[in-house]
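K.L.:
What follows is run-v1.pdb; its format and atoms are PDB, C-alpha atoms.
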ATOM      1  CA  MET A   1      13.669  29.901  -7.187
ATOM      2  CA  PRO A   2      11.588  28.413  -4.404
ATOM      3  CA  MET A   3      12.102  24.702  -4.021
ATOM      4  CA  THR A   4       8.992  22.610  -3.901
ATOM      5  CA  ILE A   5       8.675  20.393  -0.876
ATOM      6  CA  GLU A   6       6.823  17.174  -1.439
ATOM      7  CA  LYS A   7       3.966  16.304   0.829
ATOM      8  CA  ALA A   8       4.332  13.775   3.620
ATOM      9  CA  LYS A   9       4.726  10.211   2.417
ATOM     10  CA  VAL A  10       3.280   7.329   4.419
ATOM     11  CA  THR A  11       4.439   3.787   3.684
ATOM     12  CA  MET A  12       4.355   0.352   5.307
ATOM     13  CA  PRO A  13       7.827  -1.178   4.951
ATOM     14  CA  SER A  14       6.871  -4.327   6.872
ATOM     15  CA  ASP A  15       3.887  -5.753   8.697
ATOM     16  CA  ARG A  16       5.211  -4.266  11.948
ATOM     17  CA  GLU A  17       6.031  -0.761  10.775
ATOM     18  CA  VAL A  18       4.686   2.513   9.465
ATOM     19  CA  THR A  19       7.044   5.085   7.958
ATOM     20  CA  VAL A  20       6.394   8.774   7.490
ATOM     21  CA  THR A  21       8.807  10.847   5.388
ATOM     22  CA  ARG A  22       8.893  14.588   4.847
ATOM     23  CA  SER A  23      11.465  17.197   3.841
ATOM     24  CA  PHE A  24      11.857  20.681   5.261
ATOM     25  CA  LYS A  25      13.579  23.792   3.994
ATOM     26  CA  ALA A  26      15.754  24.200   7.066
ATOM     27  CA  PRO A  27      19.031  22.953   8.512
ATOM     28  CA  ARG A  28      18.616  19.789  10.507
ATOM     29  CA  ALA A  29      19.834  21.340  13.759
ATOM     30  CA  LEU A  30      16.769  23.545  13.594
ATOM     31  CA  VAL A  31      14.408  20.717  12.609
ATOM     32  CA  PHE A  32      15.792  18.699  15.489
ATOM     33  CA  ARG A  33      15.098  21.576  17.879
ATOM     34  CA  ALA A  34      11.551  21.876  16.579
ATOM     35  CA  TYR A  35      11.165  18.168  17.345
ATOM     36  CA  THR A  36      12.570  18.253  20.830
ATOM     37  CA  GLU A  37      11.857  21.634  22.478
ATOM     38  CA  PRO A  38       8.397  21.755  24.100
ATOM     39  CA  LYS A  39       7.928  25.431  23.301
ATOM     40  CA  LEU A  40       8.419  24.660  19.613
ATOM     41  CA  ILE A  41       6.662  21.268  19.547
ATOM     42  CA  ARG A  42       3.472  22.807  20.863
ATOM     43  CA  ARG A  43       3.314  25.095  17.879
ATOM     44  CA  TRP A  44       3.078  22.371  15.262
ATOM     45  CA  LEU A  45       2.361  18.899  16.699
ATOM     46  CA  LEU A  46      -1.351  19.562  16.985
ATOM     47  CA  GLY A  47      -3.082  17.149  14.663
ATOM     48  CA  PRO A  48      -6.424  18.063  13.128
ATOM     49  CA  PRO A  49      -7.973  21.492  13.685
ATOM     50  CA  GLY A  50      -9.759  21.868  17.008
ATOM     51  CA  TRP A  51      -7.053  20.302  19.152
ATOM     52  CA  SER A  52      -4.523  21.999  21.379
ATOM     53  CA  MET A  53      -1.567  20.573  23.246
ATOM     54  CA  PRO A  54      -1.810  21.558  26.912
ATOM     55  CA  THR A  55       0.899  19.113  28.003
ATOM     56  CA  CYS A  56       4.285  18.699  26.374
ATOM     57  CA  GLU A  57       7.057  17.548  28.662
ATOM     58  CA  MET A  58      10.366  16.486  27.170
ATOM     59  CA  ASP A  59      13.389  15.120  29.010
ATOM     60  CA  VAL A  60      15.511  14.532  25.939
ATOM     61  CA  ARG A  61      18.285  12.213  27.128
ATOM     62  CA  VAL A  62      18.703   8.464  27.137
ATOM     63  CA  GLY A  63      16.300   7.146  29.776
ATOM     64  CA  GLY A  64      14.440  10.455  29.939
ATOM     65  CA  ASN A  65      10.678  10.515  29.563
ATOM     66  CA  TYR A  66       8.236  12.591  27.565
ATOM     67  CA  ARG A  67       4.546  13.214  27.914
ATOM     68  CA  TRP A  68       2.257  14.653  25.269
ATOM     69  CA  ARG A  69      -1.400  15.379  25.731
ATOM     70  CA  TRP A  70      -3.923  16.904  23.370
ATOM     71  CA  ARG A  71      -7.253  18.456  24.270
ATOM     72  CA  ASN A  72     -10.315  18.788  22.118
ATOM     73  CA  ASP A  73     -11.300  22.438  22.243
ATOM     74  CA  THR A  74     -14.985  21.582  21.892
ATOM     75  CA  ASP A  75     -15.637  18.888  24.514
ATOM     76  CA  GLY A  76     -12.452  19.205  26.587
ATOM     77  CA  LYS A  77     -11.588  15.530  26.180
ATOM     78  CA  GLU A  78      -7.940  14.577  26.266
ATOM     79  CA  PHE A  79      -5.628  11.816  25.070
ATOM     80  CA  GLY A  80      -1.918  11.549  24.652
ATOM     81  CA  PHE A  81       1.282   9.604  24.254
ATOM     82  CA  VAL A  82       4.006   8.860  26.776
ATOM     83  CA  GLY A  83       7.389   7.257  26.342
ATOM     84  CA  THR A  84      11.078   7.049  27.114
ATOM     85  CA  PHE A  85      14.038   8.124  25.002
ATOM     86  CA  ARG A  86      16.280   5.220  24.034
ATOM     87  CA  GLU A  87      18.753   7.045  21.791
ATOM     88  CA  VAL A  88      19.483  10.728  21.506
ATOM     89  CA  GLN A  89      21.972  11.827  18.862
ATOM     90  CA  ALA A  90      21.373  15.480  18.186
ATOM     91  CA  PRO A  91      20.758  16.527  15.488
ATOM     92  CA  SER A  92      20.559  13.328  13.474
ATOM     93  CA  ARG A  93      18.704  10.599  15.334
ATOM     94  CA  LEU A  94      16.092  10.105  18.008
ATOM     95  CA  VAL A  95      14.668   6.810  19.269
ATOM     96  CA  HIS A  96      11.856   6.634  21.771
ATOM     97  CA  THR A  97       9.126   4.330  22.959
ATOM     98  CA  GLU A  98       5.526   5.399  22.521
ATOM     99  CA  SER A  99       2.462   4.289  24.463
ATOM    100  CA  TYR A 100      -1.037   5.563  24.012
ATOM    101  CA  ASP A 101      -2.560   7.367  26.958
ATOM    102  CA  PRO A 102      -6.356   7.106  26.484
ATOM    103  CA  GLY A 103      -6.959  10.050  28.827
ATOM    104  CA  THR A 104     -10.648  10.908  28.787
ATOM    105  CA  VAL A 105     -11.083   9.984  25.120
ATOM    106  CA  GLY A 106     -10.361   6.257  25.329
ATOM    107  CA  ASP A 107     -11.492   5.686  21.797
ATOM    108  CA  GLY A 108     -10.336   2.137  21.304
ATOM    109  CA  TYR A 109      -6.889   2.989  20.044
ATOM    110  CA  PRO A 110      -4.555   0.062  20.735
ATOM    111  CA  SER A 111      -3.536   0.606  24.335
ATOM    112  CA  GLY A 112      -1.162  -1.309  26.546
ATOM    113  CA  GLY A 113       1.239  -1.828  23.698
ATOM    114  CA  GLU A 114       4.412   0.062  23.125
ATOM    115  CA  ALA A 115       5.726   1.178  19.773
ATOM    116  CA  LEU A 116       9.356   2.018  19.083
ATOM    117  CA  VAL A 117       9.705   5.225  17.122
ATOM    118  CA  THR A 118      12.936   6.031  15.286
ATOM    119  CA  THR A 119      13.290   9.453  13.723
ATOM    120  CA  THR A 120      16.261  10.360  11.562
ATOM    121  CA  PHE A 121      17.181  13.755  10.182
ATOM    122  CA  ALA A 122      19.359  13.939   7.057
ATOM    123  CA  GLU A 123      20.463  17.255   5.606
ATOM    124  CA  GLU A 124      21.432  17.874   2.020
ATOM    125  CA  GLY A 125      21.745  21.205   0.303
ATOM    126  CA  GLY A 126      19.897  23.016   3.064
ATOM    127  CA  ILE A 127      16.985  20.573   2.943
ATOM    128  CA  THR A 128      16.395  18.273   5.885
ATOM    129  CA  THR A 129      14.613  15.007   5.281
ATOM    130  CA  MET A 130      12.943  13.578   8.319
ATOM    131  CA  THR A 131      12.045   9.887   8.380
ATOM    132  CA  THR A 132       9.973   8.424  11.204
ATOM    133  CA  VAL A 133       9.675   4.676  11.509
ATOM    134  CA  MET A 134       7.071   3.394  13.964
ATOM    135  CA  ASP A 135       7.677  -0.232  14.862
ATOM    136  CA  PHE A 136       4.877  -1.967  16.713
ATOM    137  CA  GLY A 137       7.381  -4.621  17.701
ATOM    138  CA  SER A 138       5.158  -7.523  18.550
ATOM    139  CA  LYS A 139       2.285  -9.414  17.105
ATOM    140  CA  GLU A 140       0.074  -8.308  20.000
ATOM    141  CA  VAL A 141       0.613  -4.598  19.438
ATOM    142  CA  ARG A 142       0.559  -5.040  15.691
ATOM    143  CA  ASP A 143      -2.778  -6.823  15.946
ATOM    144  CA  ALA A 144      -4.123  -4.032  18.119
ATOM    145  CA  ALA A 145      -2.964  -1.541  15.526
ATOM    146  CA  VAL A 146      -4.722  -3.587  12.871
ATOM    147  CA  LYS A 147      -7.986  -2.726  14.588
ATOM    148  CA  THR A 148      -7.403   0.925  13.829
ATOM    149  CA  GLY A 149      -7.011   0.064  10.198
ATOM    150  CA  MET A 150      -3.281  -0.351   9.859
ATOM    151  CA  THR A 151      -3.068  -3.807   8.371
ATOM    152  CA  ASP A 152      -0.672  -6.029   6.520
ATOM    153  CA  GLY A 153      -0.289  -5.167   2.932
ATOM    154  CA  MET A 154      -1.185  -1.550   3.335
ATOM    155  CA  GLU A 155       1.892  -0.466   1.467
ATOM    156  CA  GLN A 156       0.863  -2.617  -1.468
ATOM    157  CA  SER A 157      -2.656  -1.337  -1.094
ATOM    158  CA  TYR A 158      -1.398   2.181  -1.170
ATOM    159  CA  GLN A 159       0.565   1.545  -4.339
ATOM    160  CA  LEU A 160      -2.413  -0.160  -5.874
ATOM    161  CA  LEU A 161      -4.732   2.612  -4.870
ATOM    162  CA  ASP A 162      -2.363   5.142  -6.367
ATOM    163  CA  GLY A 163      -2.811   3.425  -9.688
ATOM    164  CA  VAL A 164      -6.275   1.995  -9.605
ATOM    165  CA  LEU A 165      -8.086   4.918  -8.066
ATOM    166  CA  GLN A 166      -6.908   7.150 -10.827
ATOM    167  CA  GLU A 167      -8.775   5.063 -13.341
ATOM    168  CA  PRO A 168     -11.935   6.741 -14.543
ATOM    169  CA  GLY A 169     -15.209   5.426 -13.229
ATOM    170  CA  ILE A 170     -14.057   4.596  -9.717
TER
ATOM    171  CA  MET B   1     -17.507  -2.761  11.941
ATOM    172  CA  GLU B   2     -15.754  -0.260   9.764
ATOM    173  CA  ASN B   3     -12.418  -1.654  10.912
ATOM    174  CA  SER B   4     -13.242  -5.246  10.031
ATOM    175  CA  ARG B   5     -14.243  -4.167   6.561
ATOM    176  CA  LEU B   6     -10.984  -2.284   6.197
ATOM    177  CA  ASP B   7      -9.150  -5.397   7.388
ATOM    178  CA  ALA B   8     -10.911  -7.456   4.719
ATOM    179  CA  THR B   9     -10.064  -4.848   2.098
ATOM    180  CA  PHE B  10      -6.395  -4.702   2.995
ATOM    181  CA  LEU B  11      -6.144  -8.475   3.305
ATOM    182  CA  ALA B  12      -7.642  -8.839  -0.155
ATOM    183  CA  LEU B  13      -5.222  -6.255  -1.536
ATOM    184  CA  ALA B  14      -2.165  -7.910   0.009
ATOM    185  CA  ASP B  15      -1.867 -10.388  -2.874
ATOM    186  CA  PRO B  16      -0.280  -9.446  -6.238
ATOM    187  CA  THR B  17      -2.630 -11.620  -8.294
ATOM    188  CA  ARG B  18      -5.657 -10.016  -6.702
ATOM    189  CA  ARG B  19      -4.209  -6.567  -7.298
ATOM    190  CA  ALA B  20      -3.623  -7.462 -10.945
ATOM    191  CA  ILE B  21      -7.212  -8.703 -11.205
ATOM    192  CA  LEU B  22      -8.468  -5.419  -9.784
ATOM    193  CA  ALA B  23      -6.282  -3.410 -12.125
ATOM    194  CA  ARG B  24      -7.731  -5.407 -15.012
ATOM    195  CA  LEU B  25     -11.301  -4.879 -13.786
ATOM    196  CA  ALA B  26     -10.629  -1.158 -13.421
ATOM    197  CA  GLY B  27     -10.625  -1.158 -17.233
ATOM    198  CA  GLY B  28     -14.075  -2.782 -17.407
ATOM    199  CA  GLU B  29     -15.908  -5.941 -16.378
ATOM    200  CA  ALA B  30     -14.595  -9.355 -17.395
ATOM    201  CA  SER B  31     -15.552 -13.032 -17.146
ATOM    202  CA  VAL B  32     -13.568 -15.555 -15.103
ATOM    203  CA  THR B  33     -12.086 -17.004 -18.295
ATOM    204  CA  GLU B  34     -10.987 -13.570 -19.467
ATOM    205  CA  LEU B  35      -9.527 -12.805 -16.065
ATOM    206  CA  ALA B  36      -7.644 -16.111 -15.931
ATOM    207  CA  ALA B  37      -6.102 -15.645 -19.386
ATOM    208  CA  PRO B  38      -3.098 -13.448 -18.457
ATOM    209  CA  PHE B  39      -2.170 -15.617 -15.482
ATOM    210  CA  ALA B  40      -0.422 -18.970 -15.486
ATOM    211  CA  MET B  41      -3.123 -20.198 -13.201
ATOM    212  CA  SER B  42      -6.011 -22.602 -13.344
ATOM    213  CA  GLN B  43      -9.535 -21.259 -13.407
ATOM    214  CA  PRO B  44     -10.282 -22.693  -9.942
ATOM    215  CA  ALA B  45      -7.224 -20.867  -8.559
ATOM    216  CA  ILE B  46      -8.453 -17.615 -10.081
ATOM    217  CA  SER B  47     -11.942 -18.309  -8.735
ATOM    218  CA  LYS B  48     -10.463 -18.591  -5.240
ATOM    219  CA  HIS B  49      -8.923 -15.138  -5.565
ATOM    220  CA  LEU B  50     -12.180 -13.790  -6.910
ATOM    221  CA  LYS B  51     -13.974 -15.163  -3.881
ATOM    222  CA  VAL B  52     -11.624 -13.276  -1.546
ATOM    223  CA  LEU B  53     -12.169 -10.087  -3.513
ATOM    224  CA  GLU B  54     -15.892 -10.653  -3.521
ATOM    225  CA  ARG B  55     -16.023 -11.281   0.223
ATOM    226  CA  ALA B  56     -14.159  -8.023   0.768
ATOM    227  CA  GLY B  57     -16.771  -6.311  -1.379
ATOM    228  CA  LEU B  58     -14.118  -5.213  -3.854
ATOM    229  CA  ILE B  59     -15.823  -6.903  -6.794
ATOM    230  CA  SER B  60     -19.318  -8.043  -7.632
ATOM    231  CA  VAL B  61     -20.893 -10.376 -10.181
ATOM    232  CA  GLY B  62     -22.757  -8.834 -13.071
ATOM    233  CA  HIS B  63     -26.248  -9.733 -14.241
ATOM    234  CA  ASP B  64     -25.370 -11.827 -17.288
ATOM    235  CA  ALA B  65     -26.143 -15.353 -16.022
ATOM    236  CA  GLN B  66     -24.009 -16.992 -18.733
ATOM    237  CA  ARG B  67     -20.810 -14.982 -18.498
ATOM    238  CA  ARG B  68     -21.158 -13.976 -14.860
ATOM    239  CA  PRO B  69     -18.812 -11.029 -15.443
ATOM    240  CA  ARG B  70     -16.918  -9.621 -12.476
ATOM    241  CA  ARG B  71     -16.765  -5.900 -11.973
ATOM    242  CA  ILE B  72     -14.908  -3.669  -9.585
ATOM    243  CA  GLU B  73     -16.705  -2.009  -6.672
ATOM    244  CA  GLY B  74     -15.117   1.324  -5.893
ATOM    245  CA  ARG B  75     -16.508   1.988  -2.449
ATOM    246  CA  PRO B  76     -14.318  -0.261  -0.235
ATOM    247  CA  LEU B  77     -11.242   0.943  -2.111
ATOM    248  CA  ALA B  78     -12.294   4.512  -1.636
ATOM    249  CA  GLU B  79     -12.858   3.863   2.073
ATOM    250  CA  ALA B  80      -9.440   2.282   2.472
ATOM    251  CA  ASN B  81      -7.873   5.143   0.610
ATOM    252  CA  GLU B  82      -9.781   7.615   2.716
ATOM    253  CA  TRP B  83      -8.400   6.102   5.900
ATOM    254  CA  LEU B  84      -4.834   6.323   4.611
ATOM    255  CA  GLU B  85      -5.432   9.809   3.367
ATOM    256  CA  ARG B  86      -6.822  10.910   6.736
ATOM    257  CA  TYR B  87      -3.773   9.516   8.485
ATOM    258  CA  ARG B  88      -1.436  11.158   5.998
ATOM    259  CA  ALA B  89      -3.352  14.420   6.077
ATOM    260  CA  ILE B  90      -2.977  14.708   9.861
ATOM    261  CA  TRP B  91       0.770  14.429   9.501
ATOM    262  CA  GLU B  92       0.800  16.832   6.600
ATOM    263  CA  GLN B  93      -1.150  19.414   8.609
ATOM    264  CA  ASN B  94       1.419  19.140  11.379
ATOM    265  CA  PHE B  95       4.267  19.458   8.917
ATOM    266  CA  GLN B  96       2.831  22.524   7.271
ATOM    267  CA  ARG B  97       2.724  24.204  10.666
ATOM    268  CA  LEU B  98       6.294  23.033  11.176
ATOM    269  CA  ASP B  99       7.252  24.556   7.800
ATOM    270  CA  ALA B 100       5.933  27.897   8.966
ATOM    271  CA  LEU B 101       7.688  27.608  12.326
ATOM    272  CA  LEU B 102      11.033  26.715  10.730
ATOM    273  CA  GLU B 103      10.686  29.600   8.324
ATOM    274  CA  GLU B 104      10.040  31.934  11.223
ATOM    275  CA  LEU B 105      12.957  30.572  13.261
ATOM    276  CA  GLN B 106      15.344  31.062  10.368
ATOM    277  CA  HIS B 107      14.385  34.670  10.028
ATOM    278  CA  THR B 108      14.471  35.521  13.694
ATOM    279  CA  PRO B 109      17.968  36.118  15.061
ATOM    280  CA  ALA B 110      18.705  33.737  17.912
ATOM    281  CA  ARG B 111      18.592  35.362  21.293
ATOM    282  CA  ARG B 112      22.018  35.156  22.822
ATOM    283  CA  PRO B 113      22.172  35.727  26.549
ATOM    284  CA  ALA B 114      24.727  38.217  27.886
ATOM    285  CA  ARG B 115      27.421  38.316  25.231
ATOM    286  CA  LYS B 116      27.152  41.493  23.245
ATOM    287  CA  ARG B 117      28.016  41.705  19.659
ATOM    288  CA  THR B 118      28.190  45.326  18.757
ATOM    289  CA  LYS B 119      28.128  46.711  15.252
ATOM    290  CA  LYS B 120      27.301  43.431  13.574
ATOM    291  CA  ARG B 121      23.631  43.613  12.890
ATOM    292  CA  LYS B 122      22.018  40.584  11.487
ATOM    293  CA  THR B 123      19.804  41.269   8.573
ATOM    294  CA  PRO B 124      17.087  38.826   7.814
TER
END
Step by step, read the file and then write its structure as structure tokens.

P.N.:
Amino acid sequence: MPMTIEKAKVTMPSDREVTVTRSFKAPRALVFRAYTEPKLIRRWLLGPPGWSMPTCEMDVRVGGNYRWRWRNDTDGKEFGFVGTFREVQAPSRLVHTESYDPGTVGDGYPSGGEALVTTTFAEEGGITTMTTVMDFGSKEVRDAAVKTGMTDGMEQSYQLLDGVLQEPGI
Amino acid sequence: MENSRLDATFLALADPTRRAILARLAGGEASVTELAAPFAMSQPAISKHLKVLERAGLISVGHDAQRRPRRIEGRPLAEANEWLERYRAIWEQNFQRLDALLEELQHTPARRPARKRTKKRKTP
């Protein structure tokens, strides 16, 4: 019987962090590869339709850097993320910094700040659960992130919205 | 502009009393006295919360000049939810592509350089 995989869950565990959780029907060694090998990354880490990923460089070792860049197929504008790996424990844990590269888009995303991204891969019964925690780390970066709409209390908001928005008449 | 409204929405939602007030108003409009009843809180304290909700555009005051009933305004909530949903949806789109890739990888025998393994044929 095919196992149902729940959709991605987004929560706000603290006023500095955003967490994304998702499970995959695959052993974690494979999920880890899909997360770390450029050839594989470029096949899924594409965001909304209409974007491609012309640049994906990964030097997956402690102190190694990565560079991701996406291009809008319509107007050719680009943006990306760059960072450095802080911890590499294949196939269970990956910690890296993440800075926004405004490229030619420069759309007011919080720039200059650096987030710390921790991704863990846990396997059980052939299902791998991936948890990504993005920590903005400082008030400055957090405040910049607030401008994109990620604010304090979003987790509560989300829970509230889950309940309230299901009420008829809203 | 849109961001500052979202900020106001999320700030207003960050408080449990205000969330409870909204949940109550989701069931229909209510006066300040009615809203204060379930809380161990003075009417002025409730009014303060109502002001925050009102400033965020999450509630409005009804026409009855005597009762001045508060009612919920769905639009800012819907906008806030939309933002979260957009964010979540982008991840979900990525993950669905990853699902397909993982499926494919599991059914494609790994390419092993050099070493030959005769006879044993992997079946998908």

K.L.:
Please identify every residue of chain B that has at least one atom no more than 6 Å from any atom of chain A, counting all atoms listed in the file, and report them as a PyMOL selection string.

P.N.:
chain B and resi 3+13-14+23+74+90+92+94+97-98

K.L.:
Restricting the calculation to all atoms listed in the file, which member of A:Ala122, A:Met53, A:Val105, A:Ile127 is positioned closest to Leu102 of chain B?

P.N.:
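For Leu102 of chain B, the nearest of the given residues is A:Ile127.
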
K.L.:
Need the neighbours of (17.1, 14.7, 11.2): which residues are at most 9 Å away, counting all atoms listed in the file, as a tab-separated table (two decimals) with C-alpha atoms, in the coordinates of the input?

P.N.:
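Result went into part.tsv, see below:
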chain	number	residue	atom	x	y	z
A	27	PRO	CA	19.03	22.95	8.51
A	28	ARG	CA	18.62	19.79	10.51
A	29	ALA	CA	19.83	21.34	13.76
A	31	VAL	CA	14.41	20.72	12.61
A	32	PHE	CA	15.79	18.70	15.49
A	90	ALA	CA	21.37	15.48	18.19
A	91	PRO	CA	20.76	16.53	15.49
A	92	SER	CA	20.56	13.33	13.47
A	93	ARG	CA	18.70	10.60	15.33
A	94	LEU	CA	16.09	10.10	18.01
A	119	THR	CA	13.29	9.45	13.72
A	120	THR	CA	16.26	10.36	11.56
A	121	PHE	CA	17.18	13.76	10.18
A	122	ALA	CA	19.36	13.94	7.06
A	123	GLU	CA	20.46	17.26	5.61
A	128	THR	CA	16.40	18.27	5.88
A	129	THR	CA	14.61	15.01	5.28
A	130	MET	CA	12.94	13.58	8.32
A	131	THR	CA	12.04	9.89	8.38

K.L.:
So what does the PyMOL selection byres ((chain A and resi 87) around 12) actually pick up in this one, as a JSON list (two decimals) with C-alpha atoms, keeping the file's coordinate frame?

P.N.:
[["chain", "number", "residue", "atom", "x", "y", "z"],
["A", 60, "VAL", "CA", 15.51, 14.53, 25.94],
["A", 61, "ARG", "CA", 18.28, 12.21, 27.13],
["A", 62, "VAL", "CA", 18.70, 8.46, 27.14],
["A", 63, "GLY", "CA", 16.30, 7.15, 29.78],
["A", 64, "GLY", "CA", 14.44, 10.46, 29.94],
["A", 65, "ASN", "CA", 10.68, 10.52, 29.56],
["A", 84, "THR", "CA", 11.08, 7.05, 27.11],
["A", 85, "PHE", "CA", 14.04, 8.12, 25.00],
["A", 86, "ARG", "CA", 16.28, 5.22, 24.03],
["A", 88, "VAL", "CA", 19.48, 10.73, 21.51],
["A", 89, "GLN", "CA", 21.97, 11.83, 18.86],
["A", 90, "ALA", "CA", 21.37, 15.48, 18.19],
["A", 91, "PRO", "CA", 20.76, 16.53, 15.49],
["A", 92, "SER", "CA", 20.56, 13.33, 13.47],
["A", 93, "ARG", "CA", 18.70, 10.60, 15.33],
["A", 94, "LEU", "CA", 16.09, 10.10, 18.01],
["A", 95, "VAL", "CA", 14.67, 6.81, 19.27],
["A", 96, "HIS", "CA", 11.86, 6.63, 21.77],
["A", 97, "THR", "CA", 9.13, 4.33, 22.96],
["A", 116, "LEU", "CA", 9.36, 2.02, 19.08],
["A", 117, "VAL", "CA", 9.70, 5.22, 17.12],
["A", 118, "THR", "CA", 12.94, 6.03, 15.29],
["A", 119, "THR", "CA", 13.29, 9.45, 13.72],
["A", 120, "THR", "CA", 16.26, 10.36, 11.56]]

K.L.:
Residues within 7 Å of Asp101 of chain A, please, as a PyMOL selection string. Count all atoms listed in the file; anything in the same chain fewer than 3 positions from it doesn't count.

P.N.:
chain A and resi 79-82

K.L.:
Just to confirm, what's the straight-line distance from atom CA of Ser42 of chain B to atom CA of Arg75 of chain B in Å (one decimal)?

P.N.:
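Interatomic distance here is 28.9 Å.
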
K.L.:
Given 5 Å on each side, where is the centre and what are the edge lengths in Å to one decimal of the axis-aligned box enclosing the listed atoms of segment 54-70 of chain A, as lines of an AutoDock Vina configuration file?

P.N.:
center_x = 7.4
center_y = 14.4
center_z = 26.7
size_x = 32.6
size_y = 24.4
size_z = 16.6

K.L.:
How far is it from atom CA of Arg42 of chain A to atom CA of Glu114 of chain A, in Å with one decimal?

P.N.:
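Computing it gives 22.9 Å between the two atoms.
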
K.L.:
What is the atom CA of Phe95 of chain B-atom CA of Arg16 of chain A distance in Å, reported with one decimal?

P.N.:
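Straight-line distance from atom CA of Phe95 of chain B to atom CA of Arg16 of chain A works out to 23.9 Å.
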
K.L.:
Could you list, as a list in words, every residue matched by the PyMOL selection byres ((chain B and resi 32-39) around 10) in this structure?

P.N.:
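With the PyMOL selection byres ((chain B and resi 32-39) around 10) on this model, the match is Thr17, Ala20, Ile21, Leu22, Arg24, Leu25, Glu29, Ala30, Ser31, Ala40, Met41, Ser42, Gln43, Pro44, Ala45, Ile46, Ser47, Leu50, Arg67, Arg68, Pro69 and Arg70 of chain B.
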